[in-house]
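K.L.:
Here you go, my_file.pdb (PDB, C-alpha atoms and all ligand atoms):
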ATOM      1  CA  MET A   1     130.704 101.017 126.747
ATOM      2  CA  THR A   2     130.912 101.377 123.009
ATOM      3  CA  THR A   3     131.081  99.321 119.816
ATOM      4  CA  CYS A   4     133.611  98.458 117.123
ATOM      5  CA  LEU A   5     131.391 100.196 114.554
ATOM      6  CA  GLU A   6     132.285 103.680 115.747
ATOM      7  CA  HIS A   7     133.639 106.558 113.715
ATOM      8  CA  ASN A   8     136.827 108.304 114.826
ATOM      9  CA  SER A   9     134.701 111.211 116.010
ATOM     10  CA  THR A  10     133.633 108.844 118.802
ATOM     11  CA  LEU A  11     136.673 106.569 118.998
ATOM     12  CA  ARG A  12     139.240 109.297 119.511
ATOM     13  CA  PRO A  13     137.470 111.130 122.332
ATOM     14  CA  LEU A  14     136.961 107.743 124.003
ATOM     15  CA  TRP A  15     140.630 106.881 123.637
ATOM     16  CA  ILE A  16     141.531 110.215 125.217
ATOM     17  CA  LEU A  17     139.130 109.528 128.087
ATOM     18  CA  ALA A  18     140.679 106.084 128.527
ATOM     19  CA  GLU A  19     144.322 107.135 128.246
ATOM     20  CA  GLU A  20     144.245 110.481 130.013
ATOM     21  CA  HIS A  21     141.277 110.376 132.366
ATOM     22  CA  GLY A  22     141.200 106.809 133.669
ATOM     23  CA  VAL A  23     137.863 105.954 132.067
ATOM     24  CA  GLU A  24     137.388 102.244 131.391
ATOM     25  CA  VAL A  25     136.023 101.588 127.899
ATOM     26  CA  ASP A  26     134.536  98.254 126.794
ATOM     27  CA  TRP A  27     134.334  97.567 123.053
ATOM     28  CA  ILE A  28     131.530  95.379 121.772
ATOM     29  CA  GLY A  29     132.001  93.737 118.365
ATOM     30  CA  PHE A  30     129.490  93.187 115.585
ATOM     31  CA  ASP A  31     128.399  89.995 113.866
ATOM     32  CA  ASP A  32     128.889  88.855 110.271
ATOM     33  CA  THR A  33     125.808  90.759 109.185
ATOM     34  CA  GLY A  34     127.093  94.049 110.619
ATOM     35  CA  TYR A  35     124.915  94.242 113.718
ATOM     36  CA  VAL A  36     125.754  94.601 117.379
ATOM     37  CA  ASP A  37     123.831  92.157 119.553
ATOM     38  CA  PRO A  38     121.859  94.210 122.135
ATOM     39  CA  ASP A  39     122.006  91.290 124.604
ATOM     40  CA  GLU A  40     125.778  91.281 124.385
ATOM     41  CA  VAL A  41     125.916  94.992 125.188
ATOM     42  CA  VAL A  42     123.607  94.550 128.151
ATOM     43  CA  SER A  43     125.506  91.484 129.404
ATOM     44  CA  HIS A  44     128.635  93.644 129.670
ATOM     45  CA  PHE A  45     127.000  96.233 131.938
ATOM     46  CA  GLY A  46     128.862  96.501 135.203
ATOM     47  CA  LYS A  47     128.417  98.435 138.442
ATOM     48  CA  ASN A  48     130.606 101.192 137.068
ATOM     49  CA  THR A  49     128.921 101.504 133.640
ATOM     50  CA  LYS A  50     127.993 105.144 133.198
ATOM     51  CA  ALA A  51     127.218 105.437 129.509
ATOM     52  CA  VAL A  52     126.764 103.545 126.273
ATOM     53  CA  VAL A  53     128.056 105.543 123.341
ATOM     54  CA  MET A  54     127.116 104.017 120.032
ATOM     55  CA  ASN A  55     126.534 104.384 116.366
ATOM     56  CA  HIS A  56     122.974 104.354 115.069
ATOM     57  CA  ALA A  57     123.862 103.590 111.446
ATOM     58  CA  SER A  58     127.306 102.437 110.373
ATOM     59  CA  ASN A  59     129.002 104.676 107.821
ATOM     60  CA  VAL A  60     130.845 101.644 106.401
ATOM     61  CA  LEU A  61     128.260  98.870 106.471
ATOM     62  CA  GLY A  62     125.020 100.842 106.413
ATOM     63  CA  THR A  63     123.462  98.703 109.132
ATOM     64  CA  VAL A  64     120.992 100.525 111.393
ATOM     65  CA  GLN A  65     121.463  99.138 114.871
ATOM     66  CA  ASN A  66     118.708  97.745 117.032
ATOM     67  CA  VAL A  67     119.112 100.409 119.694
ATOM     68  CA  ALA A  68     115.761 100.282 121.524
ATOM     69  CA  PRO A  69     116.492  97.202 123.710
ATOM     70  CA  ILE A  70     119.815  98.752 124.717
ATOM     71  CA  GLY A  71     118.062 102.047 125.480
ATOM     72  CA  ARG A  72     115.463 100.312 127.654
ATOM     73  CA  ALA A  73     118.143  98.442 129.598
ATOM     74  CA  CYS A  74     120.079 101.689 130.056
ATOM     75  CA  GLN A  75     116.995 103.474 131.408
ATOM     76  CA  GLU A  76     116.321 100.685 133.913
ATOM     77  CA  ARG A  77     119.861 101.044 135.266
ATOM     78  CA  GLY A  78     120.323 104.813 135.079
ATOM     79  CA  ILE A  79     122.983 104.508 132.350
ATOM     80  CA  HIS A  80     123.119 107.251 129.730
ATOM     81  CA  LEU A  81     122.707 106.263 126.088
ATOM     82  CA  VAL A  82     124.550 108.565 123.695
ATOM     83  CA  LEU A  83     123.723 107.926 120.068
ATOM     84  CA  ASP A  84     125.755 108.955 117.037
ATOM     85  CA  ALA A  85     123.026 109.591 114.471
ATOM     86  CA  SER A  86     125.311 111.203 111.895
ATOM     87  CA  GLN A  87     124.389 108.671 109.235
ATOM     88  CA  SER A  88     120.785 108.070 110.221
ATOM     89  CA  ALA A  89     119.455 111.594 110.866
ATOM     90  CA  GLY A  90     117.413 112.582 107.817
ATOM     91  CA  MET A  91     117.371 109.015 106.528
ATOM     92  CA  VAL A  92     115.495 106.912 109.097
ATOM     93  CA  PRO A  93     113.448 108.107 112.075
ATOM     94  CA  VAL A  94     115.547 108.922 115.141
ATOM     95  CA  LYS A  95     113.002 109.014 117.971
ATOM     96  CA  MET A  96     114.761 109.604 121.241
ATOM     97  CA  ASP A  97     111.923 108.254 123.377
ATOM     98  CA  ASP A  98     111.512 105.049 121.370
ATOM     99  CA  LEU A  99     115.256 104.482 121.310
ATOM    100  CA  GLY A 100     115.768 105.417 124.963
ATOM    101  CA  ALA A 101     118.555 107.844 124.067
ATOM    102  CA  ASP A 102     119.617 110.659 126.383
ATOM    103  CA  ILE A 103     121.828 112.396 123.871
ATOM    104  CA  VAL A 104     121.713 112.264 120.080
ATOM    105  CA  CYS A 105     124.666 113.711 118.147
ATOM    106  CA  PHE A 106     124.546 114.376 114.447
ATOM    107  CA  THR A 107     126.509 115.995 111.697
ATOM    108  CA  GLY A 108     124.731 118.353 109.326
ATOM    109  CA  HIS A 109     126.344 117.602 105.998
ATOM    110  CA  LYS A 110     125.021 114.119 105.317
ATOM    111  CA  SER A 111     121.344 113.219 104.999
ATOM    112  CA  LEU A 112     120.239 116.471 106.616
ATOM    113  CA  MET A 113     121.670 118.157 103.505
ATOM    114  CA  GLY A 114     123.348 120.978 105.416
ATOM    115  CA  PRO A 115     126.755 122.463 104.680
ATOM    116  CA  MET A 116     129.983 121.074 106.078
ATOM    117  CA  GLY A 117     131.130 122.262 109.483
ATOM    118  CA  ILE A 118     127.807 122.192 111.288
ATOM    119  CA  GLY A 119     126.298 119.528 113.497
ATOM    120  CA  GLY A 120     124.308 119.273 116.648
ATOM    121  CA  MET A 121     123.600 117.516 119.840
ATOM    122  CA  TYR A 122     120.107 116.957 121.182
ATOM    123  CA  VAL A 123     120.192 116.563 124.947
ATOM    124  CA  ARG A 124     117.258 115.212 126.922
ATOM    125  CA  ASP A 125     115.929 117.500 129.673
ATOM    126  CA  GLY A 126     117.581 116.741 132.978
ATOM    127  CA  VAL A 127     120.849 115.454 131.486
ATOM    128  CA  GLU A 128     123.625 117.733 132.664
ATOM    129  CA  LEU A 129     126.586 118.378 130.395
ATOM    130  CA  ARG A 130     129.873 119.544 131.771
ATOM    131  CA  LYS A 131     131.470 122.585 130.166
ATOM    132  CA  THR A 132     134.402 121.515 128.025
ATOM    133  CA  HIS A 133     135.771 124.890 126.930
ATOM    134  CA  ALA A 134     135.498 128.550 127.782
ATOM    135  CA  GLY A 135     135.105 131.572 125.569
ATOM    136  CA  GLY A 136     132.945 134.488 124.609
ATOM    137  CA  THR A 137     129.175 134.117 124.561
ATOM    138  CA  GLY A 138     128.141 137.660 123.645
ATOM    139  CA  VAL A 139     126.159 138.033 126.892
ATOM    140  CA  ARG A 140     127.031 138.894 130.544
ATOM    141  CA  SER A 141     130.503 139.843 129.517
ATOM    142  CA  ALA A 142     131.524 140.917 133.019
ATOM    143  CA  GLU A 143     131.365 137.289 134.283
ATOM    144  CA  ARG A 144     134.834 135.834 134.673
ATOM    145  CA  ARG A 145     133.730 132.253 134.221
ATOM    146  CA  HIS A 146     132.001 130.728 131.229
ATOM    147  CA  LEU A 147     128.234 130.767 131.784
ATOM    148  CA  ASP A 148     126.417 127.724 133.161
ATOM    149  CA  GLU A 149     123.068 128.449 131.574
ATOM    150  CA  TYR A 150     122.025 126.933 128.275
ATOM    151  CA  PRO A 151     122.594 127.466 125.409
ATOM    152  CA  TYR A 152     125.652 129.505 126.425
ATOM    153  CA  ARG A 153     127.115 126.651 128.459
ATOM    154  CA  MET A 154     127.823 124.853 125.175
ATOM    155  CA  GLU A 155     128.588 127.895 123.031
ATOM    156  CA  TYR A 156     132.209 128.963 123.077
ATOM    157  CA  GLY A 157     132.688 131.835 120.691
ATOM    158  CA  THR A 158     130.760 133.122 117.720
ATOM    159  CA  PRO A 159     128.199 130.619 116.439
ATOM    160  CA  ASN A 160     128.468 129.374 112.869
ATOM    161  CA  LEU A 161     125.373 131.200 111.664
ATOM    162  CA  PRO A 162     125.836 130.455 107.942
ATOM    163  CA  GLY A 163     126.125 126.786 108.895
ATOM    164  CA  ILE A 164     123.047 126.942 111.109
ATOM    165  CA  ALA A 165     121.023 128.671 108.373
ATOM    166  CA  GLY A 166     122.265 126.132 105.807
ATOM    167  CA  LEU A 167     121.341 123.239 108.067
ATOM    168  CA  ARG A 168     117.879 124.714 108.607
ATOM    169  CA  ALA A 169     117.388 125.006 104.846
ATOM    170  CA  GLY A 170     118.614 121.420 104.386
ATOM    171  CA  VAL A 171     116.260 120.073 107.048
ATOM    172  CA  SER A 172     113.304 121.961 105.523
ATOM    173  CA  TRP A 173     114.106 120.432 102.135
ATOM    174  CA  VAL A 174     114.304 116.938 103.639
ATOM    175  CA  ASN A 175     111.015 117.473 105.476
ATOM    176  CA  ARG A 176     109.335 118.645 102.283
ATOM    177  CA  LEU A 177     110.333 115.447 100.462
ATOM    178  CA  GLY A 178     109.829 113.251 103.533
ATOM    179  CA  ILE A 179     112.516 110.985 104.930
ATOM    180  CA  GLY A 180     110.475 107.880 104.043
ATOM    181  CA  ALA A 181     110.452 108.849 100.366
ATOM    182  CA  ILE A 182     114.163 109.684 100.297
ATOM    183  CA  HIS A 183     115.084 106.458 102.065
ATOM    184  CA  ALA A 184     112.897 104.385  99.714
ATOM    185  CA  HIS A 185     114.492 106.038  96.661
ATOM    186  CA  GLU A 186     118.033 105.440  97.911
ATOM    187  CA  MET A 187     117.365 101.869  99.007
ATOM    188  CA  ALA A 188     115.864 100.981  95.615
ATOM    189  CA  LEU A 189     119.111 102.173  94.024
ATOM    190  CA  TRP A 190     121.162 100.423  96.686
ATOM    191  CA  LYS A 191     119.375  97.150  95.938
ATOM    192  CA  GLU A 192     120.237  97.434  92.243
ATOM    193  CA  LEU A 193     123.802  98.325  93.053
ATOM    194  CA  ARG A 194     124.164  95.432  95.461
ATOM    195  CA  GLU A 195     122.755  92.943  92.966
ATOM    196  CA  GLY A 196     124.910  94.338  90.152
ATOM    197  CA  LEU A 197     128.125  94.230  92.169
ATOM    198  CA  ALA A 198     127.389  90.805  93.689
ATOM    199  CA  ALA A 199     127.225  89.342  90.174
ATOM    200  CA  ILE A 200     130.769  90.498  89.303
ATOM    201  CA  ASP A 201     133.521  87.902  89.617
ATOM    202  CA  GLY A 202     136.120  88.965  92.160
ATOM    203  CA  VAL A 203     133.931  91.472  94.044
ATOM    204  CA  THR A 204     133.513  91.024  97.796
ATOM    205  CA  LEU A 205     130.657  92.890  99.457
ATOM    206  CA  TYR A 206     130.909  93.500 103.187
ATOM    207  CA  CYS A 207     128.038  92.521 105.466
ATOM    208  CA  GLN A 208     125.479  92.827 102.683
ATOM    209  CA  GLU A 209     123.950  89.421 103.095
ATOM    210  CA  PRO A 210     121.895  87.940 104.402
ATOM    211  CA  LEU A 211     119.823  91.105 104.629
ATOM    212  CA  VAL A 212     118.483  90.929 108.132
ATOM    213  CA  GLY A 213     117.790  94.382 109.545
ATOM    214  CA  GLU A 214     117.213  97.993 108.722
ATOM    215  CA  ARG A 215     119.790  99.793 106.570
ATOM    216  CA  ILE A 216     120.844 102.992 104.955
ATOM    217  CA  ALA A 217     122.149 103.162 101.396
ATOM    218  CA  VAL A 218     125.905 102.717 101.757
ATOM    219  CA  LEU A 219     127.753  99.728 100.389
ATOM    220  CA  ALA A 220     131.362  98.712 100.978
ATOM    221  CA  PHE A 221     133.258  96.335  98.745
ATOM    222  CA  ASN A 222     136.642  95.303  97.359
ATOM    223  CA  VAL A 223     137.775  93.838  94.057
ATOM    224  CA  GLU A 224     140.199  90.947  94.189
ATOM    225  CA  GLY A 225     143.712  91.910  93.165
ATOM    226  CA  PHE A 226     143.277  95.657  93.747
ATOM    227  CA  GLU A 227     143.968  98.049  96.576
ATOM    228  CA  ALA A 228     140.812  99.937  97.472
ATOM    229  CA  MET A 229     142.391 103.309  96.724
ATOM    230  CA  ASP A 230     143.369 102.209  93.201
ATOM    231  CA  ILE A 231     139.777 101.292  92.475
ATOM    232  CA  GLY A 232     138.764 104.731  93.744
ATOM    233  CA  THR A 233     141.251 106.417  91.433
ATOM    234  CA  MET A 234     140.098 104.399  88.423
ATOM    235  CA  LEU A 235     136.448 105.113  89.166
ATOM    236  CA  ASP A 236     137.221 108.801  89.502
ATOM    237  CA  VAL A 237     139.592 109.276  86.563
ATOM    238  CA  ASP A 238     138.181 106.785  84.066
ATOM    239  CA  ALA A 239     134.485 106.871  84.879
ATOM    240  CA  ASN A 240     133.927 110.183  86.733
ATOM    241  CA  ILE A 241     132.328 108.308  89.609
ATOM    242  CA  ALA A 242     132.829 109.445  93.201
ATOM    243  CA  CYS A 243     133.303 106.984  96.010
ATOM    244  CA  ARG A 244     135.125 106.910  99.318
ATOM    245  CA  THR A 245     138.059 104.558  99.817
ATOM    246  CA  GLY A 246     140.200 103.649 102.806
ATOM    247  CA  LEU A 247     139.213 103.063 106.399
ATOM    248  CA  HIS A 248     136.307 105.542 106.350
ATOM    249  CA  CYS A 249     137.382 106.976 109.729
ATOM    250  CA  ALA A 250     136.203 103.692 111.253
ATOM    251  CA  PRO A 251     139.405 101.648 111.680
ATOM    252  CA  MET A 252     137.897  99.073 114.032
ATOM    253  CA  VAL A 253     135.291  98.112 111.449
ATOM    254  CA  HIS A 254     138.069  97.288 109.024
ATOM    255  CA  GLU A 255     140.110  95.435 111.652
ATOM    256  CA  HIS A 256     137.035  93.358 112.293
ATOM    257  CA  LEU A 257     136.400  92.716 108.580
ATOM    258  CA  GLY A 258     140.067  91.913 107.988
ATOM    259  CA  THR A 259     140.312  94.729 105.447
ATOM    260  CA  ALA A 260     142.600  97.024 107.436
ATOM    261  CA  THR A 261     145.670  95.398 105.822
ATOM    262  CA  ASN A 262     144.258  96.014 102.327
ATOM    263  CA  HIS A 263     143.929  99.711 103.207
ATOM    264  CA  GLY A 264     140.199  99.350 103.725
ATOM    265  CA  ALA A 265     137.496  99.131 101.136
ATOM    266  CA  VAL A 266     135.621 101.111  98.519
ATOM    267  CA  ARG A 267     132.323 102.604  99.613
ATOM    268  CA  PHE A 268     129.516 103.865  97.440
ATOM    269  CA  SER A 269     126.799 105.937  99.072
ATOM    270  CA  MET A 270     123.565 106.759  97.357
ATOM    271  CA  GLY A 271     122.049 110.216  97.637
ATOM    272  CA  PRO A 272     118.694 111.736  96.800
ATOM    273  CA  PHE A 273     120.025 113.056  93.488
ATOM    274  CA  ASN A 274     121.297 109.695  92.254
ATOM    275  CA  SER A 275     119.452 107.826  89.526
ATOM    276  CA  ARG A 276     119.320 104.321  88.061
ATOM    277  CA  GLU A 277     121.615 105.473  85.295
ATOM    278  CA  HIS A 278     124.290 106.302  87.891
ATOM    279  CA  ILE A 279     123.962 102.815  89.332
ATOM    280  CA  GLU A 280     124.247 101.168  85.915
ATOM    281  CA  ARG A 281     127.373 103.212  85.207
ATOM    282  CA  ALA A 282     128.887 102.328  88.564
ATOM    283  CA  VAL A 283     128.255  98.597  88.114
ATOM    284  CA  SER A 284     129.711  98.538  84.612
ATOM    285  CA  ALA A 285     132.770 100.567  85.714
ATOM    286  CA  VAL A 286     133.472  98.101  88.548
ATOM    287  CA  ALA A 287     132.889  95.161  86.167
ATOM    288  CA  GLU A 288     135.435  96.634  83.778
ATOM    289  CA  ILE A 289     138.002  97.033  86.557
ATOM    290  CA  ALA A 290     137.483  93.455  87.730
ATOM    291  CA  ALA A 291     137.739  92.158  84.135
ATOM    292  CA  SER A 292     140.965  94.106  83.538
ATOM    293  CA  ARG A 293     142.632  92.140  86.300
ATOM    294  CA  ARG A 294     141.420  88.830  84.949
ATOM    295  CA  LYS A 295     142.778  89.737  81.499
ATOM    296  CA  SER A 296     146.186  90.771  82.839
ATOM    297  CA  HIS A 297     146.262  87.666  85.035
ATOM    298  CA  GLN A 298     145.565  85.451  82.004
ATOM    299  CA  ARG A 299     148.318  87.201  80.042
ATOM    300  CA  SER A 300     150.879  86.661  82.804
ATOM    301  CA  CYS A 301     149.905  82.957  83.058
TER
HETATM  302  C1  LIG A 401     128.939 107.712 111.751
HETATM  303  C2  LIG A 401     129.583 109.064 111.721
HETATM  304  N1  LIG A 401     129.799 109.698 112.873
HETATM  305  C3  LIG A 401     130.378 110.910 112.913
HETATM  306  C4  LIG A 401     130.768 111.548 111.763
HETATM  307  C5  LIG A 401     131.517 112.838 111.913
HETATM  308  O1  LIG A 401     130.938 113.948 111.487
HETATM  309  P1  LIG A 401     131.805 115.294 111.584
HETATM  310  O2  LIG A 401     132.998 115.092 110.706
HETATM  311  O3  LIG A 401     130.872 116.329 111.087
HETATM  312  O4  LIG A 401     132.191 115.463 112.992
HETATM  313  C6  LIG A 401     130.547 110.921 110.524
HETATM  314  C7  LIG A 401     130.938 111.533 109.259
HETATM  315  O5  LIG A 401     131.874 112.015 108.877
HETATM  316  C8  LIG A 401     129.960 109.642 110.509
HETATM  317  O6  LIG A 401     129.772 108.981 109.370
END
As structure tokens, what does this structure read like?
Ligand SMILES: Cc1ncc(COP(=O)(O)O)c(C=O)c1O

P.N.:
Amino acid sequence: MTTCLEHNSTLRPLWILAEEHGVEVDWIGFDDTGYVDPDEVVSHFGKNTKAVVMNHASNVLGTVQNVAPIGRACQERGIHLVLDASQSAGMVPVKMDDLGADIVCFTGHKSLMGPMGIGGMYVRDGVELRKTHAGGTGVRSAERRHLDEYPYRMEYGTPNLPGIAGLRAGVSWVNRLGIGAIHAHEMALWKELREGLAAIDGVTLYCQEPLVGERIAVLAFNVEGFEAMDIGTMLDVDANIACRTGLHCAPMVHEHLGTATNHGAVRFSMGPFNSREHIERAVSAVAEIAASRRKSHQRSC
């Protein structure tokens, strides 16, 4: 079982499992505020449900899901909960016991401040993972089969040591500042950004109100009359502001929002190095873009 909030890093493996390995996958939607209803997930459990694989924090909507009730229900039924914490790790607490997760996957280059190309998987004791590949491990080289013992079972080839060292340095930095302080800083900026953008005529914010649950500081929007990617280009070229446009590797989110046909949305994400001045510049750049359409529309009328 999974949700429509997932990133392609989850969706595509699941599609392969469904299409090539006969695994049945159920997709649970999200509501207008960007949250999956835990009761709905649990109500879909069947005799053959083996795992729930779900996003902790959406990379498009920023909503942090209420995972604990799902985790508890999974534990009662012997179902594995696999959590994608790529957006939440380093930003909000990810406590496996409280959430009832058996496996937590994360990427290193987001809020853990590591380099690209490194990530990890935390696996609860007693959860067995099947080998997916085979390769060199650097030990017991006479064995013909890939080793069963950990960590070698999951290590196929030379480890990415620069990535591991970079991730360690990133995590130490985050721990020094404290994730609470980083999250509070980013959310204060996010709040200003959200209020600034909401006040602009022609801007649609996605799942940003009412503010009901926990969040991380990403914000997706569109401006009436523009393709998302054109807004991205104008922000980049005219205002030197970085954003991410398109489907954000989460096509089902955009299908659900009805934005897939408009080539997605524009997403701003706040980081620890952003300041109020950045937010003010971003809001005025978007306001200028929205006003440019109104002016050209008036001219053509
Ligand atoms: C929610 C989510 N899951 C997974 C990933 C994938 O991370 P990676 O590209 O490192 O596999 C990302 C980011 O790109 C993400 O935002």

K.L.:
So how far away is CA of Ala265 (chain A) from CA of Arg215 (chain A), in Å?

P.N.:
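Interatomic distance here is 18.5 Å.
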
K.L.:
For ligand LIG 401 (chain A), which of A:Asn222, A:Asn55, A:Asn240, A:Asn160 is the closest residue, counting only C-alpha atoms and all ligand atoms?

P.N.:
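Comparing A:Asn222, A:Asn55, A:Asn240, A:Asn160 against ligand LIG 401 (chain A), the winner is A:Asn55.
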
K.L.:
Produce as JSON, numbers by chain the set of residues near ligand LIG 401 (chain A), where near means within 10 Å with all atoms listed in the file considered.

P.N.:
{"A": [5, 6, 7, 8, 9, 10, 11, 54, 55, 56, 57, 58, 59, 60, 62, 83, 84, 85, 86, 87, 88, 105, 106, 107, 108, 109, 110, 115, 116, 117, 118, 119, 120, 248, 249, 250]}

K.L.:
From the set A:Ala18, A:Ala242, A:Leu257, A:Ala217, which residue has the shortest atom-to-atom contact distance to Pro272 (chain A), counting all atoms listed in the file?

P.N.:
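Once distances to Pro272 (chain A) are computed over all atoms listed in the file, the minimum belongs to A:Ala217.
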
K.L.:
Find the spatial neighbours of Gly271 (chain A), counting only C-alpha atoms, within a cut-off of 10 Å - ignore same-chain residues fewer than 4 positions away - and output them as a PyMOL selection string.

P.N.:
chain A and resi 110-111+113+182-183+185-187+189-190+217-218+275

K.L.:
Could you check which of A:His263, A:His256, A:Lys131, A:Lys50 is closest to Leu81 (chain A), using all atoms listed in the file?

P.N.:
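Result for the nearest residue to Leu81 (chain A): A:Lys50.
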
K.L.:
Give me the residues within 7 Å of region 206-211 of chain A as a PyMOL selection string, counting all atoms listed in the file and dropping any in the same chain fewer than 3 places off.

P.N.:
chain A and resi 32-34+61+220-221

K.L.:
Kindly save the residues from that selection, with C-alpha atoms included, as a PDB file, in the coordinates of the input.

P.N.:
ATOM      1  CA  ASP A  32     128.889  88.855 110.271  1.00  0.00           C
ATOM      2  CA  THR A  33     125.808  90.759 109.185  1.00  0.00           C
ATOM      3  CA  GLY A  34     127.093  94.049 110.619  1.00  0.00           C
ATOM      4  CA  LEU A  61     128.260  98.870 106.471  1.00  0.00           C
ATOM      5  CA  ALA A 220     131.362  98.712 100.978  1.00  0.00           C
ATOM      6  CA  PHE A 221     133.258  96.335  98.745  1.00  0.00           C
TER       7      PHE A 221
END

K.L.:
Apply the PyMOL selection byres (((chain A and resi 1) around 12) and not hetatm) to the structure shown and report the selected residues as a PyMOL selection string.

P.N.:
chain A and resi 2-4+6+10-11+14-15+18+23-29+40-46+48-55+70+74+79-83

K.L.:
What would the file look like if the residues just selected were written as a PDB file, keeping the file's coordinate frame with C-alpha atoms?

P.N.:
ATOM      1  CA  THR A   2     130.912 101.377 123.009  1.00  0.00           C
ATOM      2  CA  THR A   3     131.081  99.321 119.816  1.00  0.00           C
ATOM      3  CA  CYS A   4     133.611  98.458 117.123  1.00  0.00           C
ATOM      4  CA  GLU A   6     132.285 103.680 115.747  1.00  0.00           C
ATOM      5  CA  THR A  10     133.633 108.844 118.802  1.00  0.00           C
ATOM      6  CA  LEU A  11     136.673 106.569 118.998  1.00  0.00           C
ATOM      7  CA  LEU A  14     136.961 107.743 124.003  1.00  0.00           C
ATOM      8  CA  TRP A  15     140.630 106.881 123.637  1.00  0.00           C
ATOM      9  CA  ALA A  18     140.679 106.084 128.527  1.00  0.00           C
ATOM     10  CA  VAL A  23     137.863 105.954 132.067  1.00  0.00           C
ATOM     11  CA  GLU A  24     137.388 102.244 131.391  1.00  0.00           C
ATOM     12  CA  VAL A  25     136.023 101.588 127.899  1.00  0.00           C
ATOM     13  CA  ASP A  26     134.536  98.254 126.794  1.00  0.00           C
ATOM     14  CA  TRP A  27     134.334  97.567 123.053  1.00  0.00           C
ATOM     15  CA  ILE A  28     131.530  95.379 121.772  1.00  0.00           C
ATOM     16  CA  GLY A  29     132.001  93.737 118.365  1.00  0.00           C
ATOM     17  CA  GLU A  40     125.778  91.281 124.385  1.00  0.00           C
ATOM     18  CA  VAL A  41     125.916  94.992 125.188  1.00  0.00           C
ATOM     19  CA  VAL A  42     123.607  94.550 128.151  1.00  0.00           C
ATOM     20  CA  SER A  43     125.506  91.484 129.404  1.00  0.00           C
ATOM     21  CA  HIS A  44     128.635  93.644 129.670  1.00  0.00           C
ATOM     22  CA  PHE A  45     127.000  96.233 131.938  1.00  0.00           C
ATOM     23  CA  GLY A  46     128.862  96.501 135.203  1.00  0.00           C
ATOM     24  CA  ASN A  48     130.606 101.192 137.068  1.00  0.00           C
ATOM     25  CA  THR A  49     128.921 101.504 133.640  1.00  0.00           C
ATOM     26  CA  LYS A  50     127.993 105.144 133.198  1.00  0.00           C
ATOM     27  CA  ALA A  51     127.218 105.437 129.509  1.00  0.00           C
ATOM     28  CA  VAL A  52     126.764 103.545 126.273  1.00  0.00           C
ATOM     29  CA  VAL A  53     128.056 105.543 123.341  1.00  0.00           C
ATOM     30  CA  MET A  54     127.116 104.017 120.032  1.00  0.00           C
ATOM     31  CA  ASN A  55     126.534 104.384 116.366  1.00  0.00           C
ATOM     32  CA  ILE A  70     119.815  98.752 124.717  1.00  0.00           C
ATOM     33  CA  CYS A  74     120.079 101.689 130.056  1.00  0.00           C
ATOM     34  CA  ILE A  79     122.983 104.508 132.350  1.00  0.00           C
ATOM     35  CA  HIS A  80     123.119 107.251 129.730  1.00  0.00           C
ATOM     36  CA  LEU A  81     122.707 106.263 126.088  1.00  0.00           C
ATOM     37  CA  VAL A  82     124.550 108.565 123.695  1.00  0.00           C
ATOM     38  CA  LEU A  83     123.723 107.926 120.068  1.00  0.00           C
TER      39      LEU A  83
END

K.L.:
Point out the residue among A:Ala188, A:Val123, A:Val253, A:Met270 with the least atom-to-atom distance to Phe30 (chain A), counting all atoms listed in the file.

P.N.:
A:Val253

K.L.:
Do you have the CA of Asp201 (chain A)-CA of Cys243 (chain A) distance handy?

P.N.:
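Computing it gives 20.1 Å between the two atoms.
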
K.L.:
How about completing region 63-72 of chain A with N, CA and C atoms and giving it to me as a tab-separated table (two decimals), in the frame of the given file?

P.N.:
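This is the output file rebuild.tsv:
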chain	number	residue	atom	x	y	z
A	63	THR	N	124.42	99.39	108.26
A	63	THR	CA	123.46	98.70	109.13
A	63	THR	C	122.93	99.66	110.21
A	64	VAL	N	121.61	99.69	110.35
A	64	VAL	CA	120.99	100.52	111.39
A	64	VAL	C	120.81	99.63	112.62
A	65	GLN	N	121.42	100.02	113.69
A	65	GLN	CA	121.46	99.14	114.87
A	65	GLN	C	120.13	99.08	115.61
A	66	ASN	N	119.92	97.95	116.23
A	66	ASN	CA	118.71	97.74	117.03
A	66	ASN	C	118.96	98.36	118.41
A	67	VAL	N	118.70	99.65	118.51
A	67	VAL	CA	119.11	100.41	119.69
A	67	VAL	C	118.10	100.31	120.84
A	68	ALA	N	116.80	100.16	120.48
A	68	ALA	CA	115.76	100.28	121.52
A	68	ALA	C	115.97	99.34	122.73
A	69	PRO	N	116.30	98.05	122.51
A	69	PRO	CA	116.49	97.20	123.71
A	69	PRO	C	117.66	97.67	124.58
A	70	ILE	N	118.67	98.23	123.95
A	70	ILE	CA	119.82	98.75	124.72
A	70	ILE	C	119.36	99.98	125.50
A	71	GLY	N	118.57	100.84	124.82
A	71	GLY	CA	118.06	102.05	125.48
A	71	GLY	C	117.20	101.70	126.69
A	72	ARG	N	116.34	100.70	126.53
A	72	ARG	CA	115.46	100.31	127.65
A	72	ARG	C	116.30	99.82	128.83
